[in-house]
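Chemist: Input input_1.txt, format and content: compact mmCIF, C-alpha atoms.
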```txt
# COMPACT_ATOMS: atom_id res chain seq x y z
CA MET S 476 -20.79 -9.40 21.46
CA PRO S 477 -19.43 -6.47 19.40
CA HIS S 478 -15.71 -5.89 19.49
CA GLU S 479 -14.35 -3.14 21.69
CA TYR S 480 -11.96 -2.04 18.94
CA LEU S 481 -11.00 -3.26 15.46
CA PHE S 482 -7.39 -3.90 14.48
CA PHE S 483 -8.39 -5.66 11.24
CA ASP S 484 -7.15 -2.89 8.91
CA ASP S 485 -6.50 0.83 8.48
CA TYR S 486 -9.75 1.68 6.69
CA SER S 487 -12.39 0.76 9.28
CA GLU S 488 -13.02 4.48 9.92
CA GLY S 489 -14.55 6.86 7.39
CA ALA S 490 -12.22 9.76 6.68
CA HIS S 491 -10.16 12.40 8.43
CA PRO S 492 -12.44 15.27 9.55
CA ARG S 493 -10.53 17.75 7.39
CA ILE S 494 -11.39 15.75 4.29
CA LEU S 495 -15.07 15.66 5.18
CA GLU S 496 -14.96 19.40 5.80
CA ALA S 497 -13.27 20.02 2.44
CA LEU S 498 -15.86 17.90 0.63
CA ALA S 499 -18.68 19.78 2.35
CA THR S 500 -17.16 23.21 1.73
CA THR S 501 -16.69 22.58 -2.01
CA ASN S 502 -19.91 20.62 -2.43
CA VAL S 503 -22.04 23.09 -4.39
CA GLN S 504 -19.21 24.64 -6.39
CA GLN S 505 -19.83 23.67 -10.00
CA GLU S 506 -16.92 22.04 -11.83
CA ARG S 507 -16.24 20.12 -15.01
CA GLY S 508 -16.29 16.32 -14.83
CA TYR S 509 -13.96 13.38 -15.33
CA GLY S 510 -11.02 14.82 -13.40
CA THR S 511 -10.81 18.08 -15.34
CA ASP S 512 -12.04 20.11 -12.34
CA SER S 513 -9.94 22.71 -10.53
CA PHE S 514 -9.62 20.57 -7.38
CA THR S 515 -8.12 17.66 -9.25
CA GLN S 516 -5.79 19.96 -11.16
CA GLU S 517 -4.55 21.43 -7.88
CA ALA S 518 -4.15 17.95 -6.38
CA GLU S 519 -2.10 16.91 -9.41
CA ARG S 520 0.13 19.96 -8.96
CA LEU S 521 0.67 19.21 -5.28
CA VAL S 522 1.51 15.55 -5.91
CA LYS S 523 3.98 16.47 -8.67
CA GLU S 524 5.57 18.98 -6.33
CA LYS S 525 5.85 16.33 -3.60
CA ILE S 526 7.62 13.86 -5.88
CA ASN S 527 9.59 16.58 -7.69
CA LYS S 528 8.47 15.32 -11.10
CA PRO S 529 6.78 18.11 -13.10
CA GLN S 530 6.65 15.94 -16.25
CA ALA S 531 4.87 13.04 -14.52
CA HIS S 532 1.23 12.31 -15.22
CA VAL S 533 -1.09 11.92 -12.21
CA HIS S 534 -4.45 10.15 -12.32
CA PHE S 535 -6.84 9.49 -9.44
CA VAL S 536 -8.79 6.22 -9.14
CA PRO S 537 -11.17 4.90 -6.48
CA GLY S 538 -9.09 2.00 -5.11
CA GLY S 539 -5.88 0.01 -5.12
CA THR S 540 -7.15 -2.88 -7.24
CA HIS S 541 -8.18 -0.35 -9.89
CA ALA S 542 -4.69 1.14 -9.77
CA ASN S 543 -2.87 -2.18 -9.97
CA LEU S 544 -4.87 -3.86 -12.71
CA ILE S 545 -5.12 -0.76 -14.92
CA CYS S 546 -1.45 0.16 -14.60
CA LEU S 547 -0.16 -3.37 -15.13
CA ALA S 548 -2.52 -4.14 -18.01
CA SER S 549 -1.47 -0.91 -19.73
CA MET S 550 2.21 -1.79 -19.29
CA LEU S 551 2.05 -5.34 -20.64
CA GLN S 552 1.78 -6.88 -24.09
CA PRO S 553 -0.38 -10.05 -24.27
CA PHE S 554 2.68 -12.33 -24.08
CA GLN S 555 4.31 -10.48 -21.18
CA SER S 556 4.15 -11.12 -17.43
CA VAL S 557 4.66 -9.39 -14.10
CA ILE S 558 7.06 -10.58 -11.40
CA ALA S 559 5.76 -10.37 -7.83
CA ALA S 560 6.35 -11.76 -4.36
CA GLU S 561 4.20 -14.73 -3.36
CA THR S 562 2.83 -12.51 -0.58
CA GLY S 563 2.06 -9.69 -3.02
CA HIS S 564 -1.35 -8.06 -2.99
CA ILE S 565 -1.95 -8.83 -6.68
CA ASN S 566 -1.43 -12.51 -5.94
CA HIS S 567 -3.55 -12.94 -2.81
CA HIS S 568 -6.09 -10.16 -2.49
CA GLU S 569 -7.37 -9.06 -5.89
CA ALA S 570 -9.49 -12.04 -7.02
CA GLY S 571 -7.24 -12.80 -9.98
CA ALA S 572 -7.63 -9.29 -11.42
CA ILE S 573 -4.26 -9.37 -13.17
CA GLU S 574 -4.82 -12.85 -14.56
CA ALA S 575 -8.27 -11.73 -15.76
CA THR S 576 -6.54 -9.17 -17.99
CA GLY S 577 -4.74 -12.09 -19.65
CA HIS S 578 -1.36 -11.79 -17.94
CA LYS S 579 0.65 -14.26 -15.89
CA ILE S 580 2.19 -13.44 -12.52
CA ASN S 581 5.65 -14.95 -12.04
CA LEU S 582 5.85 -15.57 -8.30
CA VAL S 583 8.99 -15.28 -6.19
CA SER S 584 9.55 -16.36 -2.58
CA PRO S 585 10.17 -13.08 -0.76
CA THR S 586 12.71 -12.17 1.89
CA ALA S 587 10.76 -10.55 4.74
CA GLY S 588 8.06 -9.72 2.20
CA LYS S 589 10.50 -8.11 -0.22
CA LEU S 590 11.86 -8.98 -3.65
CA THR S 591 15.60 -9.01 -4.17
CA ALA S 592 17.42 -8.27 -7.39
CA GLU S 593 18.82 -11.81 -7.35
CA SER S 594 15.37 -13.42 -7.09
CA VAL S 595 14.01 -11.28 -9.92
CA GLU S 596 16.98 -12.04 -12.17
CA LYS S 597 16.46 -15.77 -11.64
CA VAL S 598 12.92 -15.47 -13.02
CA VAL S 599 14.15 -13.47 -16.02
CA MET S 600 16.80 -16.08 -16.82
CA GLU S 601 14.23 -18.89 -16.61
CA HIS S 602 11.95 -17.24 -19.17
CA ALA S 603 14.02 -16.88 -22.31
CA GLY S 604 12.74 -17.28 -25.84
CA GLU S 605 9.35 -17.19 -27.49
CA HIS S 606 8.04 -20.34 -25.81
CA ALA S 607 7.76 -18.70 -22.39
CA VAL S 608 6.02 -15.59 -21.17
CA GLN S 609 8.30 -12.58 -21.28
CA PRO S 610 8.76 -10.90 -17.87
CA ARG S 611 8.28 -7.18 -18.33
CA VAL S 612 7.20 -5.58 -15.04
CA VAL S 613 8.49 -5.98 -11.50
CA TYR S 614 5.72 -5.38 -8.95
CA ILE S 615 6.60 -4.39 -5.38
CA SER S 616 4.70 -2.91 -2.43
CA GLN S 617 6.00 -0.19 -0.13
CA ALA S 618 5.32 -0.99 2.68
CA THR S 619 5.05 -4.71 1.95
CA GLU S 620 2.14 -6.95 2.88
CA LEU S 621 4.15 -7.93 5.97
CA GLY S 622 4.66 -4.34 7.06
CA THR S 623 8.34 -4.33 6.12
CA VAL S 624 10.05 -1.51 4.25
CA TYR S 625 12.39 -1.42 1.26
CA ARG S 626 15.59 0.53 1.94
CA LYS S 627 17.05 2.86 -0.65
CA ASN S 628 19.85 0.47 -1.61
CA GLU S 629 17.32 -2.35 -2.15
CA LEU S 630 15.25 -0.23 -4.51
CA GLU S 631 18.40 0.93 -6.28
CA ASP S 632 19.44 -2.70 -6.80
CA LEU S 633 16.03 -3.49 -8.30
CA ARG S 634 16.21 -0.42 -10.53
CA HIS S 635 19.66 -1.40 -11.75
CA LEU S 636 18.44 -4.90 -12.58
CA CYS S 637 15.40 -3.50 -14.40
CA ASN S 638 17.69 -1.32 -16.50
CA GLN S 639 19.87 -4.32 -17.34
CA HIS S 640 16.95 -6.47 -18.51
CA ASN S 641 14.60 -3.85 -19.97
CA LEU S 642 12.05 -4.29 -17.18
CA LEU S 643 9.63 -1.74 -15.77
CA LEU S 644 9.44 -1.15 -12.00
CA TYR S 645 5.97 -0.59 -10.58
CA LEU S 646 5.31 0.24 -6.93
CA ASP S 647 2.05 -0.38 -5.07
CA GLY S 648 1.95 2.47 -2.56
CA ALA S 649 -1.22 1.62 -0.66
CA ARG S 650 0.76 2.20 2.55
CA ILE S 651 3.58 4.34 1.16
CA GLY S 652 2.99 6.96 3.86
CA ASN S 653 3.60 4.40 6.59
CA ALA S 654 6.78 3.26 4.85
CA LEU S 655 8.09 6.82 4.58
CA ALA S 656 7.23 7.45 8.24
CA ALA S 657 9.04 4.33 9.48
CA LYS S 658 11.82 5.05 11.96
CA ARG S 659 14.55 3.48 9.83
CA ALA S 660 13.21 4.78 6.52
CA ASP S 661 15.88 6.31 4.29
CA LEU S 662 13.68 7.24 1.32
CA HIS S 663 11.65 10.30 0.44
CA MET S 664 8.66 10.30 -1.91
CA SER S 665 10.86 11.91 -4.56
CA ASP S 666 13.46 9.12 -4.23
CA ILE S 667 10.82 6.51 -4.94
CA ALA S 668 9.60 8.45 -7.97
CA ASP S 669 13.19 8.64 -9.21
CA LEU S 670 13.52 4.86 -9.07
CA CYS S 671 10.13 3.71 -10.41
CA ASP S 672 8.51 3.85 -13.83
CA ALA S 673 5.05 4.00 -12.27
CA MET S 674 3.59 3.94 -8.78
CA TYR S 675 0.57 4.95 -6.80
CA ILE S 676 0.11 6.86 -3.57
CA GLY S 677 -2.57 5.33 -1.38
CA GLY S 678 -5.29 7.47 0.15
CA THR S 679 -7.84 4.82 1.19
CA LYS S 680 -5.56 3.45 3.93
CA ASN S 681 -4.30 6.84 5.08
CA GLY S 682 -7.31 8.97 5.94
CA ALA S 683 -9.23 9.38 2.67
CA LEU S 684 -12.77 8.12 2.14
CA CYS S 685 -11.37 6.37 -0.92
CA GLY S 686 -8.88 7.05 -3.66
CA GLU S 687 -5.36 6.44 -4.91
CA ALA S 688 -3.07 8.66 -6.98
CA ILE S 689 -1.48 6.86 -9.94
CA ILE S 690 1.80 8.44 -11.01
CA LEU S 691 3.29 7.68 -14.42
CA VAL S 692 6.90 8.82 -14.34
CA ASN S 693 8.06 7.02 -17.48
CA GLN S 694 6.79 9.13 -20.35
CA ASP S 695 6.40 6.05 -22.58
CA LEU S 696 3.54 4.94 -20.31
CA GLN S 697 1.60 8.20 -20.39
CA GLU S 698 -0.03 8.20 -23.83
CA ASN S 699 -3.71 7.20 -23.91
CA PHE S 700 -3.77 6.28 -20.21
CA ARG S 701 -7.12 8.02 -19.72
CA SER S 702 -8.54 5.59 -22.28
CA HIS S 703 -7.33 2.70 -20.11
CA LEU S 704 -9.04 4.33 -17.12
CA LYS S 705 -12.30 4.74 -19.02
CA GLN S 706 -12.30 1.21 -20.40
CA ARG S 707 -11.74 -0.24 -16.91
CA GLY S 708 -14.44 1.87 -15.27
CA ALA S 709 -12.14 4.12 -13.25
CA LEU S 710 -12.62 7.47 -15.00
CA LEU S 711 -15.20 8.97 -12.66
CA ALA S 712 -17.68 11.60 -13.82
CA LYS S 713 -17.38 13.10 -10.34
CA GLY S 714 -13.61 12.85 -10.27
CA ARG S 715 -13.66 15.98 -8.14
CA ALA S 716 -14.50 13.78 -5.15
CA LEU S 717 -11.03 12.24 -5.40
CA GLY S 718 -9.33 15.50 -6.31
CA VAL S 719 -10.67 17.33 -3.26
CA GLN S 720 -9.42 14.60 -0.95
CA PHE S 721 -5.88 14.54 -2.33
CA MET S 722 -5.78 18.33 -2.44
CA GLU S 723 -6.52 18.33 1.29
CA LEU S 724 -4.06 15.53 2.07
CA PHE S 725 -1.18 17.21 0.25
CA LYS S 726 -1.73 20.95 0.69
CA ASP S 727 0.25 20.67 3.93
CA ASP S 728 1.61 17.75 5.92
CA LEU S 729 -1.68 15.95 6.65
CA TYR S 730 -0.77 12.89 4.59
CA MET S 731 2.40 12.23 6.59
CA GLN S 732 0.80 13.23 9.89
CA ASN S 733 -1.81 10.53 9.36
CA ALA S 734 0.85 7.92 8.58
CA MET S 735 2.98 8.89 11.55
CA HIS S 736 0.01 8.62 13.91
CA ALA S 737 -0.73 5.10 12.64
CA ASN S 738 2.91 4.04 12.99
CA THR S 739 3.15 5.49 16.50
CA ALA S 740 0.04 3.61 17.60
CA ALA S 741 1.46 0.37 16.17
CA GLN S 742 4.75 0.94 17.97
CA LYS S 743 2.90 1.40 21.27
CA LEU S 744 1.24 -1.95 20.68
CA ALA S 745 4.57 -3.53 19.76
CA ASP S 746 6.31 -2.16 22.85
CA GLY S 747 3.58 -3.53 25.09
CA ILE S 748 3.67 -6.92 23.37
CA HIS S 749 7.46 -7.05 23.75
CA ALA S 750 7.10 -6.19 27.42
CA CYS S 751 4.79 -9.17 27.84
CA GLY S 752 7.53 -11.43 26.49
CA TYR S 753 6.20 -12.16 23.01
CA THR S 754 8.08 -12.13 19.71
CA PHE S 755 7.20 -11.10 16.14
CA VAL S 756 7.39 -12.70 12.71
CA HIS S 757 9.27 -9.56 11.60
CA GLU S 758 10.44 -6.67 13.71
CA PRO S 759 7.67 -4.02 13.56
CA GLU S 760 8.38 -1.12 11.21
CA THR S 761 5.06 0.35 10.11
CA ASN S 762 1.40 0.19 11.10
CA GLN S 763 1.07 -3.54 10.41
CA ILE S 764 2.61 -5.77 13.07
CA PHE S 765 2.66 -9.58 13.31
CA PRO S 766 3.15 -10.86 16.86
CA ILE S 767 3.13 -14.55 17.78
CA PHE S 768 0.76 -15.60 20.57
CA PRO S 769 -0.44 -18.87 22.07
CA ASN S 770 -3.71 -19.90 20.41
CA THR S 771 -5.50 -19.75 23.75
CA VAL S 772 -4.43 -16.11 24.19
CA ILE S 773 -5.60 -15.29 20.66
CA GLU S 774 -9.03 -16.76 21.33
CA SER S 775 -9.40 -14.70 24.50
CA LEU S 776 -8.20 -11.47 22.86
CA GLN S 777 -10.62 -11.93 19.96
CA GLN S 778 -13.53 -11.87 22.34
CA ARG S 779 -12.86 -8.14 22.79
CA PHE S 780 -10.76 -7.05 19.81
CA GLY S 781 -11.11 -7.61 16.09
CA PHE S 782 -7.98 -8.82 14.29
CA TYR S 783 -6.90 -11.60 11.93
CA THR S 784 -5.15 -14.80 12.89
CA TRP S 785 -2.50 -14.82 10.18
CA ALA S 786 -0.60 -18.11 10.10
CA SER S 787 0.05 -21.19 12.20
CA VAL S 788 3.50 -21.24 13.81
CA ASP S 789 3.23 -24.61 15.57
CA ASP S 790 0.53 -26.73 17.19
CA THR S 791 -0.11 -24.21 19.95
CA HIS S 792 0.99 -20.83 18.54
CA SER S 793 -0.03 -18.60 15.64
CA SER S 794 0.93 -15.22 14.25
CA VAL S 795 -1.73 -12.50 14.13
CA ARG S 796 -1.96 -9.24 12.21
CA LEU S 797 -2.68 -6.03 14.09
CA VAL S 798 -3.20 -2.87 12.02
CA THR S 799 -3.52 0.68 13.33
CA SER S 800 -4.77 3.76 11.50
CA TRP S 801 -4.67 7.55 11.42
CA ALA S 802 -7.53 7.48 13.96
CA THR S 803 -6.42 4.79 16.43
CA PRO S 804 -6.82 6.23 19.95
CA ASP S 805 -4.44 5.59 22.85
CA ARG S 806 -7.29 3.99 24.80
CA ALA S 807 -7.51 1.21 22.20
CA THR S 808 -3.82 0.27 22.32
CA GLU S 809 -3.79 0.60 26.11
CA ALA S 810 -6.84 -1.66 26.50
CA PHE S 811 -5.29 -4.31 24.23
CA ILE S 812 -2.02 -4.35 26.19
CA GLU S 813 -3.84 -4.38 29.50
CA ARG S 814 -5.85 -7.43 28.45
CA LEU S 815 -2.74 -9.14 27.05
CA ASN S 816 -0.99 -8.57 30.39
CA GLU S 817 -3.88 -10.18 32.23
CA LEU S 818 -3.85 -13.22 29.96
CA SER S 819 -0.07 -13.57 30.15
CA LYS S 820 -0.14 -13.84 33.95
CA LYS S 821 -2.57 -16.77 33.95
```
As structure tokens - that is how I would like this structure written.

Modeler:
Amino acid sequence: MPHEYLFFDDYSEGAHPRILEALATTNVQQERGYGTDSFTQEAERLVKEKINKPQAHVHFVPGGTHANLICLASMLQPFQSVIAAETGHINHHEAGAIEATGHKINLVSPTAGKLTAESVEKVVMEHAGEHAVQPRVVYISQATELGTVYRKNELEDLRHLCNQHNLLLYLDGARIGNALAAKRADLHMSDIADLCDAMYIGGTKNGALCGEAIILVNQDLQENFRSHLKQRGALLAKGRALGVQFMELFKDDLYMQNAMHANTAAQKLADGIHACGYTFVHEPETNQIFPIFPNTVIESLQQRFGFYTWASVDDTHSSVRLVTSWATPDRATEAFIERLNELSKK
């Protein structure tokens, strides 16, 4: 039986209608290729304006794995490594893409999905001398894989440590909009750009058909980056398709509107789950939430709704991941809570 609604991820829908309209409207306008078109140039201008970094370089790629492997490979010498949380996307969900470029990932046990300056420094101290890989880049996600959000002071601590040990700070922003839209968020896009050497703004998970915006803030990373894109298959002849989408997302507040809608839908789910008496692995902050249910309840819910069972908690309970998107309707969250209520009364 097909599911009534999918809470697997935030890219089960196609794209925001405005993006489809923009693609259709500009469709027969002739432009130069490989990201030199007027749409991409305008999208670059808008992104630089948003982060308040006129000297930054902006490049658009089809997906997050492209962004991560190309950026990290370009930042690392053959003997250097990247530090990441054990839960990090580059460790679990990219088929060894970083390792395939010849670089080691130094893994750290995270705190609520986040790296701390202390945990990163421990790795640096353990890898001294020419016999060990040399940690060079610190990889973090905002929001994290557990839906948690770095606060400004946490990013500042990481930046300070990176300065002390000559490390580069790279931020995976697949869900950066959701992090910025979180209720307790104390960072703006420009703050993140101030603190990172490189980052990307995710479009795929926030209303675009596909696409991410790589931002190189550190000028030492900018030279020859288009050659890295070409060599890794991410310099698209029809780069305009990405440029149009980001132009539409950033010409007004659509990017943040999409993220806020997703977060609001997740909070409605969380409130209903709380009301039914259930707890969470981490207090919900963004559009990914991780409630803990009895296994029997999970099995019943999955007959109607698509979502992942995340981890075993004990013999009879597991955590699940529920993800909402820019397009999640109230009827979907209401139906889920209504069914959960029914199961909880049995």

Chemist: Need to verify the contact set: Gln777 in chain S, 12 Å, only C-alpha atoms, exclusion of same-chain residues closer than 3 positions in sequence. Can you return it as a ChimeraX atom specification?

Modeler: /S:476-483,768,770-774,780-784,795-797,811,814-815

Chemist: As a list in words, please: the residues near Val613 in chain S (cut-off 6 Å, only C-alpha atoms, same-chain neighbours under 5 positions excluded).

Modeler: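 Close residues of Val613 in chain S: Val557, Ile558 and Leu644 of chain S.
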
Chemist: Kindly export the residues of the current selection with C-alpha atoms, as a PDB file, keeping the file's coordinate frame.

Modeler:
```
ATOM      1  CA  VAL S 557       4.660  -9.390 -14.100  1.00  0.00           C
ATOM      2  CA  ILE S 558       7.060 -10.580 -11.400  1.00  0.00           C
ATOM      3  CA  LEU S 644       9.440  -1.150 -12.000  1.00  0.00           C
TER       4      LEU S 644
END
```

Chemist: For Glu593 in chain S, list every protein, DNA or RNA residue within 12 Å, evaluated using only C-alpha atoms, and leave out those in the same chain fewer than 5 positions away; present the list as a list in words.

Modeler: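 Here the qualifying residues turn out to be Val583, Ser584, Pro585, Thr586, Val598, Val599, Met600, Glu629, Asp632, Leu633, His635, Leu636 and Cys637 of chain S.
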
Chemist: Here is a test: counting all atoms listed in the file, which residue of S:Leu646, S:Glu620, S:Arg806, S:Thr540 is nearest to Trp785 in chain S?

Modeler: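 Among S:Leu646, S:Glu620, S:Arg806, S:Thr540, it is S:Glu620 that comes nearest to Trp785 in chain S.
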
Chemist: Can you tell me which residues surround Arg634 in chain S at a distance of at most 8 Å, considering all atoms listed in the file, apart from same-chain residues fewer than 3 positions away, and format the answer as a list in words?

Modeler: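 The neighbour list is Leu630, Glu631, Cys637, Asn638, Leu644, Leu670 and Cys671 of chain S.
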
Chemist: What residues have an atom no more than 8 Å from (3.1, -15.0, -9.4) in the file's own frame, counting all atoms listed in the file, and can you write them as JSON, numbers by chain?

Modeler: {"S": [557, 558, 559, 560, 561, 566, 579, 580, 581, 582, 583]}

Chemist: Suppose we keep C-alpha atoms; can you now write the selection as an mmCIF file, in the frame of the given file?

Modeler:
```
data_model
loop_
_atom_site.group_PDB
_atom_site.id
_atom_site.type_symbol
_atom_site.label_atom_id
_atom_site.label_comp_id
_atom_site.auth_asym_id
_atom_site.auth_seq_id
_atom_site.Cartn_x
_atom_site.Cartn_y
_atom_site.Cartn_z
ATOM 1 C CA VAL S 557 4.660 -9.390 -14.100
ATOM 2 C CA ILE S 558 7.060 -10.580 -11.400
ATOM 3 C CA ALA S 559 5.760 -10.370 -7.830
ATOM 4 C CA ALA S 560 6.350 -11.760 -4.360
ATOM 5 C CA GLU S 561 4.200 -14.730 -3.360
ATOM 6 C CA ASN S 566 -1.430 -12.510 -5.940
ATOM 7 C CA LYS S 579 0.650 -14.260 -15.890
ATOM 8 C CA ILE S 580 2.190 -13.440 -12.520
ATOM 9 C CA ASN S 581 5.650 -14.950 -12.040
ATOM 10 C CA LEU S 582 5.850 -15.570 -8.300
ATOM 11 C CA VAL S 583 8.990 -15.280 -6.190
#
```
